[in-house]
Amino acid sequence: MADQQLAPVTTSFWTNDEGWQVAWPAAIGLAIVVHAFAFMGAAKSPPKKVDPPIEMAIAMPPPPPEPPPPEPEKPKPKPKPKELPPELPPPPNETTPPETPPTEVQPVTGVTDDSVVANSNSGMNVRVGNTTFGNPDDEPFTKPEEVQQITGPTFDLSAYRKTVFDILNREKRYPRKARVLQLQGRCVVNLALNRDGSLAEEPKLLGKGTGHPVLDEECLRMAKSVRYPAIVGEVTELPVRVRQPIEFTILDP
């Protein structure tokens, strides 16, 4: 049995110490070489392009358009004037009567009051006329039924008195003696005026006058010195009597 040869003992690579001692350094060296090549390849490769960051902008909607200005109001059309109907011509068989001119009234001097008749009960004859401004002796006699009434504007006594008042005040002169003595007063002068504005009678003071002779004399002087306007319009009688007050005060210029 001793002579029998022993069969060789087989072992694996992983359990073989000698093989492991050789393989281990070789594996480490191979890994280093592989990593070295990998590092060099990575260094030579170009850097990766980095995309720029995406910027987002929020666009606001545009403002609404301004409303158009209001249209100006159109002028209203003027109403058309009404057309008057054309005047119709007179019928062929008729003629237009001619216009009669106004007749001029003949003035007749006499009594104009309607209550007075030509023949009074007393037996006296009264001449009837349409004015008292003339002289009946210079006119031919006219029958009462033929006397025509004169129509015209009425005499405005209030306006006439105002005119006389202004005329007298422009003529008024305060007597120096009355101003020194500080005399004041008011009087009313009675004027009788013809149609042409002349004095029919001498001016007179009503009542006691101003109470101061020096002022009364000035009142009468004024009434005689001024020129009065003519009387225009129909009056009931002539002369026309105007009562005009005149006043003197210390405040007068």
# chains A, B, ... in the order shown; residues from 1 in each chain; ligands from 1
$ residues_around --residues "Tyr160 in chain A" --least-positions-apart "4" --cutoff "12 Å" --atoms "only C-alpha atoms" --output "list in words"
Thr154, Phe155, Asp156, Val164, Phe165, Asp166, Ile167, Leu193, Gly197, Tyr228, Pro229, Ala230, Ile231, Val232, Gly233, Val240, Arg241, Val242, Arg243 and Gln244 of chain A
$ write_last_selection --atoms "C-alpha atoms" --output "short mmCIF file (atom, residue, chain, number, x, y, z; two decimals), in the first residue's frame"
data_model
loop_
_atom_site.label_atom_id
_atom_site.label_comp_id
_atom_site.auth_asym_id
_atom_site.auth_seq_id
_atom_site.Cartn_x
_atom_site.Cartn_y
_atom_site.Cartn_z
CA THR A 154 -104.82 165.52 -25.92
CA PHE A 155 -102.69 168.12 -24.17
CA ASP A 156 -100.51 166.46 -21.48
CA VAL A 164 -92.12 174.55 -16.73
CA PHE A 165 -90.66 173.44 -13.39
CA ASP A 166 -87.27 172.71 -14.98
CA ILE A 167 -87.26 176.05 -16.83
CA LEU A 193 -100.37 180.83 -20.98
CA GLY A 197 -96.36 179.85 -24.66
CA TYR A 228 -92.43 178.91 -21.94
CA PRO A 229 -92.91 176.18 -24.55
CA ALA A 230 -95.87 176.17 -26.89
CA ILE A 231 -98.95 174.13 -25.97
CA VAL A 232 -99.36 171.08 -28.21
CA GLY A 233 -102.60 169.11 -28.29
CA VAL A 240 -104.05 177.29 -20.04
CA ARG A 241 -103.52 177.91 -16.34
CA VAL A 242 -100.55 176.29 -14.65
CA ARG A 243 -99.88 176.47 -10.92
CA GLN A 244 -96.18 175.99 -10.30
#
$ atom_distance --atom1 "CA of Glu202 in chain A" --atom2 "CA of Asp137 in chain A"
26.2 Å
$ residues_around --residues "Arg173 in chain A" --least-positions-apart "2" --cutoff "10 Å" --atoms "only C-alpha atoms" --output "ChimeraX atom specification"
/A:168-171,175-176,215,218-219,221-222,248,252-253
$ write_last_selection --atoms "N, CA and C atoms" --output "mmCIF file, in the first residue's frame"
data_model
loop_
_atom_site.group_PDB
_atom_site.id
_atom_site.type_symbol
_atom_site.label_atom_id
_atom_site.label_comp_id
_atom_site.auth_asym_id
_atom_site.auth_seq_id
_atom_site.Cartn_x
_atom_site.Cartn_y
_atom_site.Cartn_z
ATOM 1 N N LEU A 168 -88.086 177.077 -14.782
ATOM 2 C CA LEU A 168 -88.047 178.040 -13.687
ATOM 3 C C LEU A 168 -86.866 177.784 -12.760
ATOM 4 N N ASN A 169 -86.534 176.542 -12.491
ATOM 5 C CA ASN A 169 -85.411 176.251 -11.598
ATOM 6 C C ASN A 169 -84.075 176.646 -12.220
ATOM 7 N N ARG A 170 -83.966 176.578 -13.550
ATOM 8 C CA ARG A 170 -82.729 177.044 -14.177
ATOM 9 C C ARG A 170 -82.592 178.568 -14.095
ATOM 10 N N GLU A 171 -83.721 179.254 -14.008
ATOM 11 C CA GLU A 171 -83.698 180.720 -13.938
ATOM 12 C C GLU A 171 -83.583 181.217 -12.504
ATOM 13 N N PRO A 175 -81.607 185.414 -3.847
ATOM 14 C CA PRO A 175 -81.194 186.786 -3.529
ATOM 15 C C PRO A 175 -80.124 186.802 -2.438
ATOM 16 N N ARG A 176 -79.136 187.670 -2.627
ATOM 17 C CA ARG A 176 -78.024 187.710 -1.668
ATOM 18 C C ARG A 176 -78.503 188.119 -0.281
ATOM 19 N N LEU A 215 -88.058 187.272 -1.407
ATOM 20 C CA LEU A 215 -88.217 186.008 -2.130
ATOM 21 C C LEU A 215 -89.415 186.069 -3.077
ATOM 22 N N GLU A 218 -88.425 187.721 -6.271
ATOM 23 C CA GLU A 218 -87.651 186.824 -7.140
ATOM 24 C C GLU A 218 -88.548 185.824 -7.849
ATOM 25 N N CYS A 219 -89.595 185.357 -7.161
ATOM 26 C CA CYS A 219 -90.531 184.424 -7.795
ATOM 27 C C CYS A 219 -91.228 185.082 -8.983
ATOM 28 N N ARG A 221 -90.162 187.687 -10.678
ATOM 29 C CA ARG A 221 -89.175 187.976 -11.720
ATOM 30 C C ARG A 221 -88.908 186.746 -12.568
ATOM 31 N N MET A 222 -88.765 185.593 -11.930
ATOM 32 C CA MET A 222 -88.534 184.346 -12.665
ATOM 33 C C MET A 222 -89.691 184.059 -13.605
ATOM 34 N N PHE A 248 -87.368 178.054 -1.998
ATOM 35 C CA PHE A 248 -86.041 178.566 -1.690
ATOM 36 C C PHE A 248 -85.570 177.951 -0.383
ATOM 37 N N ASP A 252 -79.772 175.538 -1.477
ATOM 38 C CA ASP A 252 -79.741 175.819 -2.910
ATOM 39 C C ASP A 252 -78.389 176.381 -3.310
ATOM 40 N N PRO A 253 -77.890 176.040 -4.491
ATOM 41 C CA PRO A 253 -76.589 176.595 -4.915
ATOM 42 C C PRO A 253 -76.682 178.100 -5.180
#
$ atom_distance --atom1 "CA of Pro153 in chain A" --atom2 "CA of Glu234 in chain A"
6.1 Å
$ closest_residue --among "A:Pro245, A:Glu217, A:Leu238, A:Arg186" --to "Arg161 in chain A" --atoms "only C-alpha atoms"
A:Pro245
$ select_by_dssp --residues "range 161-197 of chain A" --states "strand (DSSP E)" --output "list of chain:residue names"
A:Gly185, A:Arg186, A:Cys187, A:Val188, A:Val189, A:Asn190, A:Leu191, A:Ala192, A:Leu193
